[in-house]
Structures are given as structure tokens and as C-alpha cells.
file start.tsv (TSV, C-alpha atoms and all ligand atoms)
chain	number	residue	atom	x	y	z
A	107	MET	CA	-55.19	7.62	-4.57
A	108	THR	CA	-53.78	10.04	-7.09
A	109	GLN	CA	-51.65	8.56	-9.83
A	110	MET	CA	-47.90	9.02	-9.15
A	111	LYS	CA	-46.08	10.84	-11.93
A	112	GLU	CA	-43.54	8.82	-13.87
A	113	ARG	CA	-40.44	9.74	-15.85
A	114	LEU	CA	-38.41	8.02	-18.49
A	115	VAL	CA	-34.80	7.68	-17.37
A	116	GLN	CA	-31.76	6.91	-19.47
A	117	LEU	CA	-28.74	5.55	-17.66
A	118	GLU	CA	-25.27	4.78	-18.94
A	119	VAL	CA	-23.80	2.24	-16.56
A	120	LEU	CA	-20.18	1.09	-16.45
A	121	ARG	CA	-20.01	-2.70	-16.75
A	122	TYR	CA	-17.14	-5.01	-15.92
A	123	ASN	CA	-17.24	-8.77	-15.69
A	124	PRO	CA	-13.99	-10.13	-14.20
A	125	ASP	CA	-14.60	-13.55	-15.78
A	126	THR	CA	-14.80	-12.33	-19.37
A	127	ASP	CA	-13.67	-8.67	-19.64
A	128	THR	CA	-10.27	-7.04	-19.66
A	129	GLU	CA	-11.75	-3.53	-19.87
A	130	ALA	CA	-14.88	-1.87	-18.56
A	131	HIS	CA	-17.49	-0.53	-20.98
A	132	PHE	CA	-20.67	1.55	-20.75
A	133	GLN	CA	-24.08	0.04	-21.31
A	134	ARG	CA	-27.17	2.16	-21.99
A	135	TYR	CA	-30.51	1.38	-20.30
A	136	GLU	CA	-33.90	3.05	-20.47
A	137	VAL	CA	-36.45	2.62	-17.68
A	138	THR	CA	-39.59	4.29	-16.42
A	139	CYS	CA	-39.39	5.36	-12.77
A	140	TYR	CA	-41.46	7.38	-10.38
A	141	GLU	CA	-40.82	11.08	-10.59
A	142	GLU	CA	-39.71	11.04	-6.93
A	143	GLY	CA	-37.32	8.13	-7.50
A	144	VAL	CA	-33.59	8.02	-6.82
A	145	VAL	CA	-30.81	6.57	-8.97
A	146	LEU	CA	-30.82	3.39	-6.87
A	147	ASP	CA	-34.51	2.87	-7.75
A	148	ALA	CA	-33.66	3.08	-11.44
A	149	LEU	CA	-30.86	0.52	-11.00
A	150	ASN	CA	-33.19	-1.83	-9.12
A	151	LYS	CA	-35.80	-1.45	-11.86
A	152	ILE	CA	-33.19	-2.30	-14.49
A	153	LYS	CA	-32.09	-5.35	-12.51
A	154	ALA	CA	-35.69	-6.51	-12.00
A	155	ASP	CA	-37.09	-5.85	-15.48
A	156	ILE	CA	-34.27	-5.62	-18.01
A	157	ASP	CA	-30.92	-7.05	-16.96
A	158	PRO	CA	-30.57	-9.33	-13.92
A	159	THR	CA	-26.79	-9.52	-14.45
A	160	LEU	CA	-26.23	-5.92	-13.32
A	161	ASN	CA	-24.36	-5.78	-9.99
A	162	PHE	CA	-24.37	-3.03	-7.38
A	163	ARG	CA	-24.41	-2.78	-3.60
A	164	TRP	CA	-27.08	-1.31	-1.42
A	165	SER	CA	-28.90	-2.09	1.77
A	166	CYS	CA	-30.80	0.60	3.68
A	167	HIS	CA	-32.15	2.90	0.93
A	168	MET	CA	-32.03	5.73	3.46
A	169	ALA	CA	-28.47	7.12	3.45
A	170	VAL	CA	-27.47	5.26	6.60
A	171	CYS	CA	-25.58	2.08	5.69
A	172	GLY	CA	-23.10	3.71	3.33
A	173	SER	CA	-23.00	0.84	0.84
A	174	CYS	CA	-24.54	2.40	-2.29
A	175	GLY	CA	-21.82	4.93	-3.15
A	176	MET	CA	-21.09	5.40	-6.86
A	177	MET	CA	-20.02	8.07	-9.33
A	178	ILE	CA	-23.09	9.77	-10.75
A	179	ASN	CA	-22.18	12.08	-13.62
A	180	GLY	CA	-18.62	12.06	-12.26
A	181	GLU	CA	-19.59	13.02	-8.72
A	182	PRO	CA	-19.32	10.61	-5.77
A	183	LYS	CA	-22.85	10.16	-4.40
A	184	LEU	CA	-25.05	7.79	-2.45
A	185	SER	CA	-27.33	6.43	-5.17
A	186	CYS	CA	-30.19	6.08	-2.66
A	187	HIS	CA	-29.92	9.78	-1.94
A	188	THR	CA	-29.62	11.12	-5.49
A	189	PHE	CA	-32.92	12.14	-7.03
A	190	LEU	CA	-33.55	11.40	-10.70
A	191	ARG	CA	-35.47	14.65	-11.13
A	192	GLU	CA	-32.25	16.60	-10.54
A	193	TYR	CA	-30.80	15.30	-13.80
A	194	GLU	CA	-31.50	16.09	-17.43
A	195	GLY	CA	-30.64	13.63	-20.18
A	196	VAL	CA	-28.53	10.54	-19.80
A	197	ILE	CA	-27.22	9.83	-16.28
A	198	ARG	CA	-23.76	8.31	-16.23
A	199	VAL	CA	-23.26	5.81	-13.42
A	200	GLU	CA	-19.82	4.43	-12.59
A	201	PRO	CA	-18.30	2.61	-9.63
A	202	LEU	CA	-16.62	4.74	-6.96
A	203	ALA	CA	-13.42	6.27	-8.34
A	204	HIS	CA	-10.03	5.30	-6.88
A	205	PHE	CA	-11.16	1.79	-5.86
A	206	PRO	CA	-10.61	-1.40	-7.87
A	207	ILE	CA	-13.77	-2.57	-9.62
A	208	GLU	CA	-14.85	-6.00	-8.45
A	209	ARG	CA	-17.78	-6.28	-10.88
A	210	ASP	CA	-19.97	-3.61	-12.52
A	211	LEU	CA	-20.67	-0.99	-9.85
A	212	VAL	CA	-19.24	-3.06	-7.01
A	213	THR	CA	-15.81	-1.91	-5.80
A	214	ALA	CA	-13.30	-3.55	-3.46
A	215	PRO	CA	-13.21	-1.67	-0.14
A	216	ASP	CA	-10.31	-3.74	1.28
A	217	ASP	CA	-7.79	-0.89	1.22
A	218	PHE	CA	-10.08	1.42	3.18
A	219	MET	CA	-10.83	-1.31	5.74
A	220	GLU	CA	-7.10	-1.92	6.25
A	221	LYS	CA	-6.47	1.79	6.76
A	222	LEU	CA	-9.34	2.14	9.15
A	223	LYS	CA	-7.80	-0.61	11.28
A	224	ARG	CA	-4.43	1.09	11.28
A	225	VAL	CA	-5.71	4.23	13.04
A	226	LYS	CA	-7.08	2.15	15.96
A	227	PRO	CA	-10.65	3.42	15.73
A	228	TYR	CA	-11.69	2.49	19.24
A	229	ILE	CA	-11.30	3.88	22.72
A	230	ILE	CA	-7.92	3.20	24.28
A	231	PRO	CA	-8.42	4.13	27.93
A	232	LYS	CA	-5.57	5.38	30.09
A	233	GLU	CA	-6.14	2.50	32.45
A	234	LYS	CA	-8.77	-0.16	32.18
A	235	LYS	CA	-11.16	-0.15	35.08
A	236	PRO	CA	-13.21	-3.13	36.16
A	237	ILE	CA	-16.89	-3.14	35.19
A	238	SER	CA	-17.79	-2.93	38.87
A	239	GLU	CA	-16.42	0.63	38.93
A	240	GLY	CA	-19.11	1.70	36.51
A	241	GLU	CA	-19.15	3.53	33.18
A	242	TYR	CA	-16.75	6.14	31.82
A	243	LYS	CA	-18.75	9.33	32.19
A	244	GLN	CA	-18.85	12.15	29.68
A	245	THR	CA	-20.47	15.59	29.75
A	246	PRO	CA	-22.46	16.96	26.78
A	247	THR	CA	-19.62	19.44	26.20
A	248	GLN	CA	-17.10	16.62	25.97
A	249	LEU	CA	-19.42	14.77	23.60
A	250	MET	CA	-19.80	17.75	21.27
A	251	LYS	CA	-16.04	17.90	20.87
A	252	PHE	CA	-16.09	14.81	18.64
A	253	ARG	CA	-19.76	14.12	17.85
A	254	GLN	CA	-19.65	15.43	14.28
A	255	TYR	CA	-16.69	13.18	13.47
A	256	SER	CA	-18.50	10.14	14.82
A	257	MET	CA	-21.28	10.44	12.21
A	258	CYS	CA	-19.27	8.74	9.45
A	259	ILE	CA	-21.16	5.97	7.65
A	260	ASN	CA	-18.03	4.56	5.95
A	261	CYS	CA	-19.42	5.20	2.49
A	262	MET	CA	-15.98	6.05	1.05
A	263	LEU	CA	-17.33	8.91	-1.07
A	264	CYS	CA	-14.56	11.07	0.39
A	265	TYR	CA	-11.93	8.65	-0.95
A	266	ALA	CA	-13.54	8.75	-4.38
A	267	ALA	CA	-13.47	12.57	-4.23
A	268	CYS	CA	-9.89	12.90	-2.97
A	269	PRO	CA	-7.35	13.38	-5.78
A	270	GLU	CA	-4.48	12.79	-3.37
A	271	TYR	CA	-5.79	9.31	-2.59
A	272	GLY	CA	-6.26	8.68	-6.32
A	273	LEU	CA	-2.66	9.68	-7.03
A	274	ASP	CA	-1.06	8.14	-3.95
A	275	PRO	CA	-2.88	5.04	-2.71
A	276	GLN	CA	-0.58	4.93	0.33
A	277	PHE	CA	-2.49	7.90	1.75
A	278	ILE	CA	-4.48	6.81	4.82
A	279	GLY	CA	-7.22	9.09	3.53
A	280	PRO	CA	-10.01	11.30	4.83
A	281	ALA	CA	-12.46	8.99	6.65
A	282	ALA	CA	-9.85	6.84	8.43
A	283	LEU	CA	-7.84	9.86	9.59
A	284	THR	CA	-11.05	11.55	10.70
A	285	MET	CA	-11.81	8.47	12.76
A	286	ALA	CA	-8.41	8.90	14.45
A	287	HIS	CA	-9.34	12.50	15.23
A	288	ARG	CA	-12.73	11.41	16.55
A	289	TYR	CA	-11.09	9.14	19.15
A	290	ASN	CA	-8.29	11.58	19.92
A	291	GLN	CA	-10.94	14.15	20.81
A	292	ASP	CA	-12.81	11.76	23.09
A	293	SER	CA	-12.38	12.51	26.81
A	294	ARG	CA	-12.38	8.77	27.58
A	295	ASP	CA	-9.47	8.08	25.26
A	296	ALA	CA	-5.73	8.16	25.85
A	297	GLY	CA	-4.54	6.58	22.59
A	298	ARG	CA	-3.43	9.67	20.69
A	299	GLU	CA	0.27	8.90	20.94
A	300	GLU	CA	-0.26	5.44	19.44
A	301	ARG	CA	-2.34	6.86	16.61
A	302	GLN	CA	0.22	9.58	15.89
A	303	GLU	CA	2.52	6.86	14.52
A	304	VAL	CA	0.11	6.63	11.59
A	305	VAL	CA	-1.45	10.10	11.62
A	306	ALA	CA	1.65	12.33	11.79
A	307	THR	CA	3.46	10.74	8.85
A	308	HIS	CA	3.72	11.36	5.14
A	309	GLU	CA	1.06	8.69	4.50
A	310	GLY	CA	-1.03	10.32	7.20
A	311	VAL	CA	-2.15	13.93	7.33
A	312	TRP	CA	0.86	15.24	5.41
A	313	THR	CA	-0.34	13.83	2.10
A	314	CYS	CA	-3.44	16.00	2.43
A	315	THR	CA	-3.13	19.29	0.53
A	316	PHE	CA	-6.53	20.58	1.66
A	317	VAL	CA	-8.35	20.22	-1.63
A	318	GLY	CA	-11.47	20.02	0.52
A	319	ALA	CA	-13.37	17.75	-1.88
A	320	CYS	CA	-13.97	15.17	0.90
A	321	SER	CA	-16.04	17.60	2.92
A	322	GLU	CA	-18.00	18.77	-0.11
A	323	VAL	CA	-19.17	15.27	-1.00
A	324	CYS	CA	-19.67	13.81	2.48
A	325	PRO	CA	-23.36	12.89	2.85
A	326	ALA	CA	-23.12	12.82	6.67
A	327	HIS	CA	-21.61	16.31	7.09
A	328	VAL	CA	-18.60	14.85	8.87
A	329	ASP	CA	-16.25	17.45	7.36
A	330	PRO	CA	-13.12	15.29	7.15
A	331	ALA	CA	-11.09	18.22	5.80
A	332	SER	CA	-11.57	20.04	9.07
A	333	ALA	CA	-10.44	17.03	11.10
A	334	LEU	CA	-7.29	16.66	8.99
A	335	GLN	CA	-6.35	20.33	9.20
A	336	GLN	CA	-6.78	20.25	12.97
A	337	MET	CA	-4.52	17.21	13.18
A	338	LYS	CA	-1.91	18.97	11.05
A	339	ILE	CA	-1.90	21.85	13.53
A	340	THR	CA	-1.60	19.61	16.62
A	341	SER	CA	1.07	17.46	14.93
A	342	SER	CA	3.06	20.58	14.09
A	343	ILE	CA	2.80	21.76	17.69
A	344	ASP	CA	4.09	18.33	18.81
A	345	TRP	CA	7.06	18.74	16.48
A	346	ILE	CA	7.85	22.24	17.75
A	347	VAL	CA	7.67	21.12	21.37
A	348	GLU	CA	9.85	18.12	20.65
A	349	HIS	CA	12.53	19.81	18.53
A	350	LEU	CA	12.62	23.49	19.34
A	351	ILE	CA	11.75	23.81	23.00
A	352	PRO	CA	14.56	22.84	25.40
A	353	GLY	CA	13.25	20.20	27.78
A	354	GLY	CA	10.28	19.45	25.46
A	355	LYS	CA	9.07	15.88	25.66
A	356	LYS	CA	11.17	12.96	24.25
B	41	MET	CA	-13.82	-18.15	-7.98
B	42	SER	CA	-10.77	-15.94	-8.05
B	43	ARG	CA	-10.96	-12.19	-7.79
B	44	ARG	CA	-9.74	-10.12	-10.67
B	45	PRO	CA	-10.52	-6.50	-9.78
B	46	LEU	CA	-10.02	-3.87	-12.44
B	47	VAL	CA	-7.80	-0.99	-11.36
B	48	ARG	CA	-8.38	2.35	-13.08
B	49	GLU	CA	-5.45	4.73	-12.75
B	50	CYS	CA	-5.94	8.36	-11.78
B	51	PRO	CA	-4.38	10.35	-14.67
B	52	PRO	CA	-1.31	11.94	-13.01
B	53	THR	CA	-1.16	15.11	-15.12
B	54	THR	CA	-4.77	15.75	-16.12
B	55	TRP	CA	-6.73	14.75	-13.01
B	56	TYR	CA	-7.73	18.31	-12.21
B	57	PHE	CA	-9.88	18.54	-15.33
B	58	ARG	CA	-12.12	15.83	-13.93
B	59	GLN	CA	-14.19	18.04	-11.64
B	60	PRO	CA	-14.73	21.81	-11.42
B	61	ARG	CA	-13.73	21.72	-7.74
B	62	TYR	CA	-10.30	20.37	-8.71
B	63	LEU	CA	-9.85	23.27	-11.12
B	64	ARG	CA	-10.83	25.66	-8.35
B	65	TYR	CA	-8.21	24.04	-6.13
B	66	MET	CA	-5.54	24.28	-8.83
B	67	SER	CA	-6.35	27.92	-9.54
B	68	ARG	CA	-5.74	28.64	-5.86
B	69	GLU	CA	-2.46	26.74	-5.92
B	70	ILE	CA	-1.35	28.71	-8.99
B	71	THR	CA	-1.86	32.02	-7.19
B	72	SER	CA	1.19	31.15	-5.11
B	73	VAL	CA	3.35	31.53	-8.24
B	74	PHE	CA	2.41	35.22	-8.37
B	75	VAL	CA	2.86	35.64	-4.63
B	76	GLY	CA	6.30	33.99	-4.93
B	77	ALA	CA	7.26	36.17	-7.91
B	78	TYR	CA	6.28	39.28	-5.99
B	79	CYS	CA	8.53	38.22	-3.09
B	80	VAL	CA	11.42	37.82	-5.53
B	81	LEU	CA	10.70	41.31	-6.84
B	82	LEU	CA	10.89	42.70	-3.28
B	83	VAL	CA	14.26	41.01	-2.74
B	84	VAL	CA	15.55	42.42	-6.04
B	85	GLY	CA	14.33	45.85	-4.90
B	86	LEU	CA	16.31	45.57	-1.67
B	87	GLN	CA	19.38	44.53	-3.59
B	88	ARG	CA	18.99	47.54	-5.93
B	89	LEU	CA	18.56	49.83	-2.93
B	90	SER	CA	21.83	48.61	-1.45
B	91	ALA	CA	23.54	49.14	-4.81
B	92	GLY	CA	23.14	52.93	-4.58
B	93	PRO	CA	20.80	55.75	-5.64
B	94	ALA	CA	21.24	55.31	-9.39
B	95	ALA	CA	20.37	51.61	-9.29
B	96	TRP	CA	17.38	52.33	-7.06
B	97	GLU	CA	16.07	55.06	-9.40
B	98	ALA	CA	16.37	52.71	-12.37
B	99	PHE	CA	14.48	50.06	-10.43
B	100	LEU	CA	11.69	52.54	-9.61
B	101	LEU	CA	11.50	53.56	-13.26
B	102	GLY	CA	11.14	49.91	-14.21
B	103	LEU	CA	8.24	49.53	-11.78
B	104	ARG	CA	6.36	52.25	-13.67
B	105	SER	CA	6.47	50.36	-16.96
B	106	ALA	CA	3.25	48.95	-18.42
B	107	ASP	CA	4.48	45.34	-18.00
B	108	SER	CA	5.22	45.94	-14.36
B	109	ILE	CA	1.80	47.50	-13.73
B	110	VAL	CA	0.07	44.54	-15.39
B	111	PHE	CA	2.15	42.16	-13.25
B	112	HIS	CA	1.30	44.05	-10.08
B	113	LEU	CA	-2.42	43.97	-10.86
B	114	LEU	CA	-2.25	40.22	-11.52
B	115	ALA	CA	-0.21	39.63	-8.35
B	116	LEU	CA	-2.66	41.71	-6.34
B	117	ALA	CA	-5.64	39.76	-7.66
B	118	ALA	CA	-3.84	36.47	-6.95
B	119	ALA	CA	-2.89	37.53	-3.42
B	120	VAL	CA	-6.43	38.67	-2.62
B	121	TYR	CA	-7.89	35.41	-3.98
B	122	HIS	CA	-5.35	33.37	-2.04
B	123	ALA	CA	-5.94	35.30	1.18
B	124	THR	CA	-9.75	35.27	1.04
B	125	THR	CA	-9.94	31.54	0.26
B	126	TRP	CA	-7.52	30.95	3.12
B	127	PHE	CA	-9.52	33.09	5.55
B	128	ASN	CA	-12.68	31.23	4.56
B	129	ALA	CA	-10.90	27.93	5.25
B	130	THR	CA	-9.64	28.91	8.71
B	131	GLN	CA	-13.00	28.09	10.27
B	132	LYS	CA	-12.39	24.45	9.40
B	133	ALA	CA	-8.86	24.33	10.75
B	134	MET	CA	-9.51	26.27	13.94
B	135	PRO	CA	-12.99	25.62	15.31
B	136	ILE	CA	-13.63	27.20	18.69
B	137	GLN	CA	-15.91	25.38	21.12
B	138	ILE	CA	-17.56	27.29	23.96
B	139	GLY	CA	-19.47	24.92	26.21
B	140	GLU	CA	-21.63	22.70	24.01
B	141	ASP	CA	-21.67	25.13	21.10
B	142	PHE	CA	-19.19	26.12	18.45
B	143	VAL	CA	-18.44	29.72	17.53
B	144	PRO	CA	-20.08	30.27	14.09
B	145	GLY	CA	-17.57	29.78	11.30
B	146	ASN	CA	-18.12	33.22	9.80
B	147	VAL	CA	-17.08	34.83	13.09
B	148	ILE	CA	-13.72	33.01	12.91
B	149	SER	CA	-13.22	33.93	9.26
B	150	GLY	CA	-14.50	37.45	9.95
B	151	ALA	CA	-11.89	37.91	12.69
B	152	HIS	CA	-9.19	37.17	10.09
B	153	TYR	CA	-10.60	39.83	7.74
B	154	VAL	CA	-10.63	42.34	10.61
B	155	ALA	CA	-7.02	41.48	11.51
B	156	TRP	CA	-6.10	41.86	7.82
B	157	ALA	CA	-7.68	45.32	7.65
B	158	VAL	CA	-6.07	46.47	10.91
B	159	LEU	CA	-2.59	45.24	9.88
B	160	SER	CA	-2.96	46.87	6.45
B	161	VAL	CA	-3.78	50.22	8.08
B	162	VAL	CA	-0.80	49.87	10.45
B	163	ILE	CA	1.54	49.11	7.55
B	164	LEU	CA	0.19	52.01	5.49
B	165	TYR	CA	0.65	54.25	8.55
B	166	LEU	CA	4.25	53.09	9.02
B	167	ALA	CA	4.83	53.72	5.33
B	168	GLY	CA	3.74	57.31	5.89
B	169	VAL	CA	0.57	57.19	3.78
B	170	PHE	CA	-1.48	59.01	6.47
C	401	LIG	S1	-16.30	10.93	6.09
C	401	LIG	FE1	-18.27	11.24	5.02
C	401	LIG	S2	-17.79	10.73	2.87
C	401	LIG	FE2	-16.13	9.88	4.10
C	401	LIG	S3	-16.73	7.77	4.53
C	401	LIG	FE3	-17.46	8.98	6.27
C	401	LIG	S4	-19.57	9.57	5.73
C	401	LIG	FE4	-18.61	8.84	3.84
C	402	LIG	S1	-28.43	2.06	0.47
C	402	LIG	FE1	-27.68	2.49	2.47
C	402	LIG	S2	-26.69	4.43	2.13
C	402	LIG	FE2	-27.67	4.07	0.25

call {"tool": "encode", "arguments": {"input": "start.tsv", "output": "C-alpha cells", "more": "lines below"}}
Ligand code: SF4
Ligand code: FES
result
Amino acid sequence: MTQMKERLVQLEVLRYNPDTDTEAHFQRYEVTCYEEGVVLDALNKIKADIDPTLNFRWSCHMAVCGSCGMMINGEPKLSCHTFLREYEGVIRVEPLAHFPIERDLVTAPDDFMEKLKRVKPYIIPKEKKPISEGEYKQTPTQLMKFRQYSMCINCMLCYAACPEYGLDPQFIGPAALTMAHRYNQDSRDAGREERQEVVATHEGVWTCTFVGACSEVCPAHVDPASALQQMKITSSIDWIVEHLIPGGKK
Amino acid sequence: MSRRPLVRECPPTTWYFRQPRYLRYMSREITSVFVGAYCVLLVVGLQRLSAGPAAWEAFLLGLRSADSIVFHLLALAAAVYHATTWFNATQKAMPIQIGEDFVPGNVISGAHYVAWAVLSVVILYLAGVF
């Protein structure tokens, strides 16, 4: 077997211990990693060989579970999907922006989870049919209408990228609103009106100013910005029908 | 063990220096100042026109000043930047699905450029340029 090439990596990691600290501070580490390694590998090496007190989340190491999101040189990234060879010099690693820091690189996702619940991210059928009547069928065309928006891995990188969420934590935010769009677009679903109570509000799509950062950082190519703009258009049409067209609904 | 998460505030006035993409966003937002100013100028022009030939001539003379030409060049650059970034964004806001496939984004944006060109020619024609 040929020898794998190695590289010396310097990382500056933001540390916070809720039991002893009132502020976070950077700590510098130096480790040798494989040339092909990712930032998560370097963190694991640090934890194994240098500092077992360092905390961070991860699970799949293959950009699927969405748990290893962090700021890498100021950019929200999956650390298992960020190659060390793409960086020169010291790599700055911080917890995801816009979320409270639980400990070191671990953030509290509670707010996102709450918001996800509020958009009712599940199929609300027009009428429930008994199992004996069989499945709800869908054509490939109907599937393609929402498929892209169903690829979200809940990594919250889009929240860390979104300045509107950073400035106004009431904002339901990109991934949760995109989930609403995903179900609204589903031919088996009839829950749009219920979701509109959250979507078509100031906290909903109208806080979005189309910065577009969410779509640029999304590792799953979900394109939340596109979902939100589409919901702005349909919500505006609802408003016009309701207020400006005589005999419009409501 | 109790939780004591550390909240880091997003700086309300300097956040856009944090990432180049935020600066790009802000530069696009700022173009609307020029577009707005140009609209005000048009309204002032109309008002001058209604005030009689002398007022209108003075207004036209003002437009030929160096300051005015610099402003017009800046406003033109801002309007073109604003319009092109908007056209490029339309493919996100208005995807078109045909069967299982989506119309390529550049076709949707391209259609906006074509409409822009056609409308510009129509306006120039109405203005008697051709
Ligand atoms: S939309 Fe993309 S960036 Fe946002 S949580 Fe889902 S996968 Fe992550
Ligand atoms: S560890 Fe699962 S996405 Fe990175």
C-alpha cells in the first residue's frame, strides 16, 4: 500500500464551558491529518490525541445526518464535508452562528425544532381514508413538484447564513418555511390553508428579504430561497383574491 | 445540570461586513436609492413642464450640467445592476415545470432579458428615436 500523504493542520476553535465561562474564547490546536481529511477528522484527532474535553456533534461523516454544521472561517459548513486541503493557514472553527452555544461547538437547536413543528411538516390529507382503500398514489410529475424541497437534512446551515434570522429570531426561517412549501406542493396534501397562518405572516415569508445566502450554503441543494419567493408570490395572490376581487374567497 | 447557553448577538448595524455575500446583497439594496432618486427627478421634470416653457428650458439646461451627467451615469449603472440581478433571480421565484422536468433557469431569466430589450425598443420608438 502506498503511504497516504499527511498535512499539518492548525485550528482555532471557539470554546465555551457553561459551568465555568461567561464568555467564549478561541483555543489553538495543531494536529497532523491525512491530506484527504475533512475538518471533522481534525476535530476527532484533537479530541482523541490532545484534548478530550472538546465538544462537537457529528454522526454520519457523510453529509447525510446534518448534525456536524459549524462556522468554518466564517462560513456555515458541514465539517464532515469540508476538506482541509482547501484551506491555507489557520482554520477558524466556531459553532453555528445565530444559535445559542450549549458548549464549545455544540449549539442549541430548540428554536429551529419549535419552528419546524409550527409549519406542520407532515401530510394533512383532505379526508382520511381507511388503510383498506390502499395508498395515496402519486405520479412522477407530481413527485418532482416538491422532491427538491424534501431533500433537507435539517442541518440549520441556512439559519446560520441568514442575516434576517440573526437580527430577528422570531423569523420562522428558511428550512422550516421550505418544509411548509414542500408539503403545500404535495398532491396528497390539503393543509396549505392551515400552514398559511404561519407562512403568510410577518414572522413567516415576509421577514425574508431574499438575501439568498440560505441557498448558497445549503449542502443538499434544497434552494430554500426559491421556496420562500414562491410562497411570497402565492400569498400575494391570495391577498389580491381576498381583498381586491369582488366575490373572492372569505 | 442546568443549561446555560451563551447567546451571541448579531451586530445590528455592521452585520453585512461579516460575509462578502452580505455586502453584495447590500450593494444591490443601495441601488434602489439611485432608482428612487431618478424617479423623483422625473416627477420634478413633469412639474417643471407644467410650469411653462421657461421653467422647462431651465430644467433641460440643468440636466446638461456635469453633476447631472455624473448622476445619470451612476443611476444608469445602478438600474442595470438592479435589473440584471433581479432577472437572474426570477428563475428561483418562478420555476416552470413541464411534465417531470423543469425549464432550465437561464431560459426563464433569458426571457426577461428579451422582454427588457423589446420594451426598450418600443419605448425608444414611441419617443421618436427611430
Ligand atoms: S434547507 Fe439546506 S441548509 Fe437548510 S437545513 Fe435543510 S439542508 Fe440544511
Ligand atoms: S456528520 Fe452527518 S452531516 Fe456531517

call {"tool": "atom_distance", "arguments": {"input": "start.tsv", "atom1": "CA of Thr126 (chain A)", "atom2": "CA of Ala266 (chain A)"}}
result
25.9 Å

call {"tool": "atom_distance", "arguments": {"input": "start.tsv", "atom1": "CA of Glu112 (chain A)", "atom2": "CA of Ile152 (chain A)"}}
result
15.2 Å

call {"tool": "residues_near_ligand", "arguments": {"input": "start.tsv", "ligand": "ligand LIG 402 (chain C)", "cutoff": "7 Å", "atoms": "only C-alpha atoms and all ligand atoms", "output": "list in words"}}
result
Trp164, Ser165, Cys166, His167, Met168, Ala169, Val170, Cys171, Gly172, Ser173, Cys174, Gly175, Leu184, Ser185, Cys186 and His187 of chain A

call {"tool": "residues_around", "arguments": {"input": "start.tsv", "residues": "Gln336 (chain A)", "least_positions_apart": "3", "cutoff": "8 Å", "atoms": "all atoms listed in the file", "output": "NGL selection string"}}
result
(:A and (332-333 or 339-340)) or (:B and (132-134))

call {"tool": "atom_distance", "arguments": {"input": "start.tsv", "atom1": "CA of Lys338 (chain A)", "atom2": "CA of Val323 (chain A)"}}
result
21.4 Å

call {"tool": "residues_around", "arguments": {"input": "start.tsv", "residues": "region 219-228 of chain A", "least_positions_apart": "5", "cutoff": "10 Å", "atoms": "all atoms listed in the file", "output": "VMD selection string"}}
result
chain A and resid 214 260 276 to 279 281 to 290 295 297 to 298 300 to 305 310

call {"tool": "closest_residue", "arguments": {"input": "start.tsv", "among": "A:His308, A:Arg209, A:Lys251, A:His349", "to": "Ile136 (chain B)", "atoms": "all atoms listed in the file"}}
result
A:Lys251

call {"tool": "residues_around", "arguments": {"input": "start.tsv", "residues": "Pro51 (chain B)", "least_positions_apart": "5", "cutoff": "9 Å", "atoms": "all atoms listed in the file", "output": "MDAnalysis selection string"}}
result
(chainID A and resid 272:273) or (chainID B and resid 56)

call {"tool": "residues_near_ligand", "arguments": {"input": "start.tsv", "ligand": "ligand LIG 401 (chain C)", "cutoff": "8 Å", "atoms": "all atoms listed in the file", "output": "mmCIF file with C-alpha atoms, in the frame of the given file"}}
result
data_model
loop_
_atom_site.group_PDB
_atom_site.id
_atom_site.type_symbol
_atom_site.label_atom_id
_atom_site.label_comp_id
_atom_site.auth_asym_id
_atom_site.auth_seq_id
_atom_site.Cartn_x
_atom_site.Cartn_y
_atom_site.Cartn_z
ATOM 1 C CA GLY A 172 -23.100 3.710 3.330
ATOM 2 C CA TYR A 255 -16.690 13.180 13.470
ATOM 3 C CA MET A 257 -21.280 10.440 12.210
ATOM 4 C CA CYS A 258 -19.270 8.740 9.450
ATOM 5 C CA ILE A 259 -21.160 5.970 7.650
ATOM 6 C CA ASN A 260 -18.030 4.560 5.950
ATOM 7 C CA CYS A 261 -19.420 5.200 2.490
ATOM 8 C CA MET A 262 -15.980 6.050 1.050
ATOM 9 C CA LEU A 263 -17.330 8.910 -1.070
ATOM 10 C CA CYS A 264 -14.560 11.070 0.390
ATOM 11 C CA TYR A 265 -11.930 8.650 -0.950
ATOM 12 C CA PRO A 280 -10.010 11.300 4.830
ATOM 13 C CA ALA A 281 -12.460 8.990 6.650
ATOM 14 C CA ALA A 282 -9.850 6.840 8.430
ATOM 15 C CA THR A 284 -11.050 11.550 10.700
ATOM 16 C CA CYS A 320 -13.970 15.170 0.900
ATOM 17 C CA SER A 321 -16.040 17.600 2.920
ATOM 18 C CA VAL A 323 -19.170 15.270 -1.000
ATOM 19 C CA CYS A 324 -19.670 13.810 2.480
ATOM 20 C CA PRO A 325 -23.360 12.890 2.850
ATOM 21 C CA ALA A 326 -23.120 12.820 6.670
ATOM 22 C CA HIS A 327 -21.610 16.310 7.090
ATOM 23 C CA VAL A 328 -18.600 14.850 8.870
ATOM 24 C CA ASP A 329 -16.250 17.450 7.360
ATOM 25 C CA PRO A 330 -13.120 15.290 7.150
#

call {"tool": "interface_residues", "arguments": {"input": "start.tsv", "of": "chain B", "to": "chain A", "cutoff": "6 Å", "atoms": "all atoms listed in the file", "output": "PyMOL selection string"}}
result
chain B and resi 44-47+50+65+132-133+139-140

call {"tool": "closest_residue", "arguments": {"input": "start.tsv", "among": "B:Leu63, B:Leu164, B:Val75, B:Ala106", "to": "Ala123 (chain B)", "atoms": "all atoms listed in the file"}}
result
B:Val75

call {"tool": "residues_around", "arguments": {"input": "start.tsv", "residues": "region 128-131 of chain B", "least_positions_apart": "5", "cutoff": "7 Å", "atoms": "all atoms listed in the file", "output": "PyMOL selection string"}}
result
chain B and resi 145+148-149

call {"tool": "residues_around", "arguments": {"input": "start.tsv", "residues": "Ser67 (chain B)", "least_positions_apart": "5", "cutoff": "10 Å", "atoms": "all atoms listed in the file", "output": "list in words"}}
result
Arg61, Tyr62, Ser72, Ala118, Tyr121 and His122 of chain B

call {"tool": "closest_residue", "arguments": {"input": "start.tsv", "among": "A:Trp312, A:Pro275, A:Gln109, A:Met176", "to": "Glu49 (chain B)", "atoms": "all atoms listed in the file"}}
result
A:Pro275

call {"tool": "closest_residue", "arguments": {"input": "start.tsv", "among": "B:His112, B:Leu166, B:Val161, B:Thr53", "to": "Phe74 (chain B)", "atoms": "only C-alpha atoms"}}
result
B:His112

call {"tool": "closest_residue", "arguments": {"input": "start.tsv", "among": "A:Ile346, A:Met110, A:Ala296, A:Leu160", "to": "Lys234 (chain A)", "atoms": "only C-alpha atoms"}}
result
A:Ala296

call {"tool": "residues_near_point", "arguments": {"input": "start.tsv", "point": "(-32.1, -3.7, -19.2)", "cutoff": "10 Å", "atoms": "all atoms listed in the file", "output": "list in words"}}
result
Leu117, Gln133, Arg134, Tyr135, Glu136, Val137, Leu149, Lys151, Ile152, Lys153, Ala154, Asp155, Ile156, Asp157, Pro158, Thr159 and Leu160 of chain A
